[in-house]
2 protein chains.
Amino acid sequence: MRVLEADLTWTGNRFESGVQVAVGEDGRIAAVGALGRTPDARLAGRALLPGFVTAHSHAFQRGLRGRGETFPRGSGSFWTWREAMYDLVSRLDAATFRALCVQTFREMRAAGVTAVGEFHYFHHREESPDAADYEFDELVLAAAAEAGLRIVLIQSYYHTGAVGQPLEGAQRRFRSPSPKVYWEQMERLAGLIDDSNRQHGQGRQSLAASVHSLRAAGPDDLAAIYDEARRRDLPFHIHVEEQQREIEDVLAYYGQRPMALLLETLGTATDLTAIHCTHTDGEEMERFLAAGGTVCFCPLTEGNLGDGIPAAPRSHPTSGAFCLGSDSNARISPIEEMRWLEYGQRLATESRGALRNEEGNVAKLLLDAATLGGAKSLGIDAGRIAPGLWADFAALDLGSPMLAGWTPETLLEAVIFGATEGVVAATCVGGEWGEGR
Amino acid sequence: MRVLEADLTWTGNRFESGVQVAVGEDGRIAAVGALGRTPDARLAGRALLPGFVTAHSHAFQRGLRGRGETFPRGSGSFWTWREAMYDLVSRLDAATFRALCVQTFREMRAAGVTAVGEFHYFHHREESPDAADYEFDELVLAAAAEAGLRIVLIQSYYHTGAVGQPLEGAQRRFRSPSPKVYWEQMERLAGLIDDSNRQHGQGRQSLAASVHSLRAAGPDDLAAIYDEARRRDLPFHIHVEEQQREIEDVLAYYGQRPMALLLETLGTATDLTAIHCTHTDGEEMERFLAAGGTVCFCPLTEGNLGDGIPAAPRSHPTSGAFCLGSDSNARISPIEEMRWLEYGQRLATESRGALRNEEGNVAKLLLDAATLGGAKSLGIDAGRIAPGLWADFAALDLGSPMLAGWTPETLLEAVIFGATEGVVAATCVGGEWGEGR
């Protein structure tokens, strides 16, 4: 047992002083409060937040940073960007893939992220119609262990190249031949993860299920995999309505838009996270949230890809209805993601305080998305500083010039609207500290 | 004479190695190129950019950081934010005002900014209908000198509280009674600035003229002050069409929208910078640019205030047609401003590469806005690394994890789309170096 005390600790609704956090040998928080103990570590000049959770990442896409940003043949789109991404895919060998993942995961941790949901569809060493090695799955897990990051491997089923079309070219490295083979690989991964967690003495790795999108699989496979995931109590993730063309294709083939088709096919949204929902109708998003779903926004990537600004619901969403993802990892900054989730809504509605909770609090809603919303979406015991949860923290430097003028009452707003990951002094995953930037 | 050599130097169109920059005792660049000299300072692991220019700032508004971001009575707007800003104005004494300005200017410099255009309308110590002390004008200049920042004091004429309305409450601390008194104060300021520049041995301070907006002055005063500014060869700045209500008020009173009224009143836009243009019609913006004007966007503030996304012209703007401002200084990051200027356009148009120059280059257009566009708008010899200009630089840390994977060809894109001010290792103003973050 080790007791920490920072100048200020986020206790779920406010920053408080005099709060001690006891961390057990198992990497979990044992107790929080005025424990009357002499702290083993007095974090002077620091404020303690729950570590950020990025619920949606494609780590290897970090290899595109700074690339595909010139447009000699006129403006581009998500689809021209995807060509560049497929080009990267076709060139990556195992060593480079792993190195990119380590780089991304380290950059995340330095930016205050303590857990990542890696939406992983890039499974195979080679472009081959019967690619069956799944070598890259293991590399993702190994990279997260090397970077000291908690990971939920969101193993993604990718079966068709477009609605009703076969996989082509680089896409063949994503191939999942059938739900049966998918679950066989999930069994192997569960074994690997158990080994890793045993070796580490605590549970840093877990699994979630996924179908990439309704571009990459039809409703039958979607239902089969979601139902089995429910039976196994695994979270389930899927990309939904990021691009207009994707909606048009699904509408033309199935007679329904993706979100409507998803809700009709599954009948519920329990443990289901829909990524993006950029063009989801506001009422339909409310219906999805009411059915238990979580929406994952990725403001930096959605900005970079020119997806559009989602119509986030106005009706005071509950804590954890939203989460945030760094997606393409073109830039890694949970603080900037939080800020621009709200700013996108402000720009679209020409008002301020667009995403506020029932108390009119914007910053708390954004922090909840970046912490407990992500933890809920990934099914991990994290996202708050509370007994029983993992000791995953981001320690902020209260002396940063970016925060000058803070008070306990305005500190969270100063961080989210006025700062960046430069204020992250250190992060802690399962009780183990590493440096921030 | 002192010769610098970084690993890479931005020479206007690309990063090049082997470039030596000779800086004279007068604080100006004497020569650039393969000078065949042994460098006095070898900046290893650094890339040299022209220092960033923030062309539009209200430094004292840094005092609002983290404040006015909760909305217990429902969503807010620019106008409710303005009430909070006026509340700050009514509380600021000279010492606090100056301290806020120093803090802001230091934070700018750490973020890579080497010159600021301080749009200064907060002139007086007291709320008084005949406030005539102009004490705060001097404080701004002193604060910039203390922070080692190049400053253009954009002295702003503020005469009416709204279209055709008298000043009220805190606004009385902004008061300019007449163009005649305005120019008398400009004479006094010119004297102060001459003294400061002489003392420093180089010209770090200069003046620009301004009318706050068509809310704060009528067309007659606007024309009088602009014409005199032209005669004195001073740049001229004015807020234009940031908010719909401002447009409605001007339209109702004058029968024209602000940009149309501005163009009709002045007949030209030479040396004229229009701030925001958030709701300016695309064709009208083209007309303004064709008449010689510069548009100053402030993406972080416009996001924070929920202004909206401007309709930036699609027709390959010339270098320096745009500039960038940190405005309310809710957050200070020229790199984030560049990124979100483009991302705002991508989100609004659902495409990528929205703001590209004739070569299809987005990053270069954005860098030009953040450097030479700002220098043009402020009328200072800066914005490029070229002989005769001030030795104003930002040195980037090439070893930053945010830039990992860079090549000379992708470095600028990696900085603008993938990084933040954490990559700024140091800044140099007129040949004098200071640390970055």
# chains A, B, ... in the order shown; residues from 1 in each chain; ligands from 1
$ interface_residues --of "chain B" --to "chain A" --cutoff "6 Å" --atoms "only C-alpha atoms" --output "PyMOL selection string"
chain B and resi 65-66+70-72+75-77+303-304+306-308+330-331+343+346-347+350-353+359-361+410+413-414+418
$ residues_around --residues "Thr318 of chain A" --least-positions-apart "3" --cutoff "12 Å" --atoms "only C-alpha atoms" --output "PyMOL selection string"
chain A and resi 286+289-290+292-295+313-315+321-323+355-359+364-366+368-369+372-373
$ write_last_selection --atoms "C-alpha atoms" --output "mmCIF file, in the first residue's frame"
data_model
loop_
_atom_site.group_PDB
_atom_site.id
_atom_site.type_symbol
_atom_site.label_atom_id
_atom_site.label_comp_id
_atom_site.auth_asym_id
_atom_site.auth_seq_id
_atom_site.Cartn_x
_atom_site.Cartn_y
_atom_site.Cartn_z
ATOM 1 C CA GLU A 286 -31.054 10.212 -28.860
ATOM 2 C CA LEU A 289 -28.263 6.713 -26.382
ATOM 3 C CA ALA A 290 -31.594 5.798 -24.793
ATOM 4 C CA GLY A 292 -27.808 2.174 -23.786
ATOM 5 C CA GLY A 293 -25.290 3.094 -26.459
ATOM 6 C CA THR A 294 -22.192 5.249 -26.165
ATOM 7 C CA VAL A 295 -21.093 7.663 -28.910
ATOM 8 C CA PRO A 313 -27.952 15.877 -28.616
ATOM 9 C CA ARG A 314 -28.969 18.950 -26.638
ATOM 10 C CA SER A 315 -30.753 17.097 -23.854
ATOM 11 C CA ALA A 321 -22.904 8.769 -22.821
ATOM 12 C CA PHE A 322 -19.977 10.135 -24.824
ATOM 13 C CA CYS A 323 -16.361 9.160 -25.103
ATOM 14 C CA LEU A 355 -22.534 20.391 -24.420
ATOM 15 C CA ARG A 356 -23.468 21.053 -20.823
ATOM 16 C CA ASN A 357 -24.727 18.721 -18.140
ATOM 17 C CA GLU A 358 -27.763 19.400 -15.969
ATOM 18 C CA GLU A 359 -25.803 21.815 -13.784
ATOM 19 C CA LYS A 364 -17.170 18.319 -16.351
ATOM 20 C CA LEU A 365 -19.147 16.744 -19.185
ATOM 21 C CA LEU A 366 -16.037 16.883 -21.396
ATOM 22 C CA ASP A 368 -16.347 12.646 -18.100
ATOM 23 C CA ALA A 369 -16.196 11.840 -21.832
ATOM 24 C CA LEU A 372 -15.312 7.573 -17.355
ATOM 25 C CA GLY A 373 -17.146 7.561 -20.695
#
$ select_by_dssp --residues "segment 167-398 of chain A" --states "helix (DSSP H, G or I)" --output "PyMOL selection string"
chain A and resi 169-174+179-200+219-231+244-254+258-266+282-290+299-304+334-349+362-378
$ residues_around --residues "segment 43-52 of chain A" --least-positions-apart "2" --cutoff "7 Å" --atoms "only C-alpha atoms" --output "PyMOL selection string"
chain A and resi 5-10+41+54+112-115+334+370-371+383-385+392-399
$ residues_around --residues "segment 245-249 of chain A" --least-positions-apart "5" --cutoff "8 Å" --atoms "only C-alpha atoms" --output "ChimeraX atom specification"
/A:163,215,257-258
$ atom_distance --atom1 "atom CA of Pro39 of chain B" --atom2 "atom CA of Ala391 of chain B"
15.6 Å
$ atom_distance --atom1 "atom CA of Leu234 of chain A" --atom2 "atom CA of Ala208 of chain A"
5.2 Å
$ select_by_dssp --residues "segment 213-418 of chain A" --states "strand (DSSP E or B)" --output "list in words"
Phe236, His237, Ile238, His239, Val240, Leu272, Thr273, Ala274, Ile275, His276, Thr294, Val295, Cys296, Phe297, Phe322, Cys323, Leu324, Asp327, Arg352, Asn361, Trp390, Phe393, Ala394, Ala395, Leu396 and Asp397 of chain A
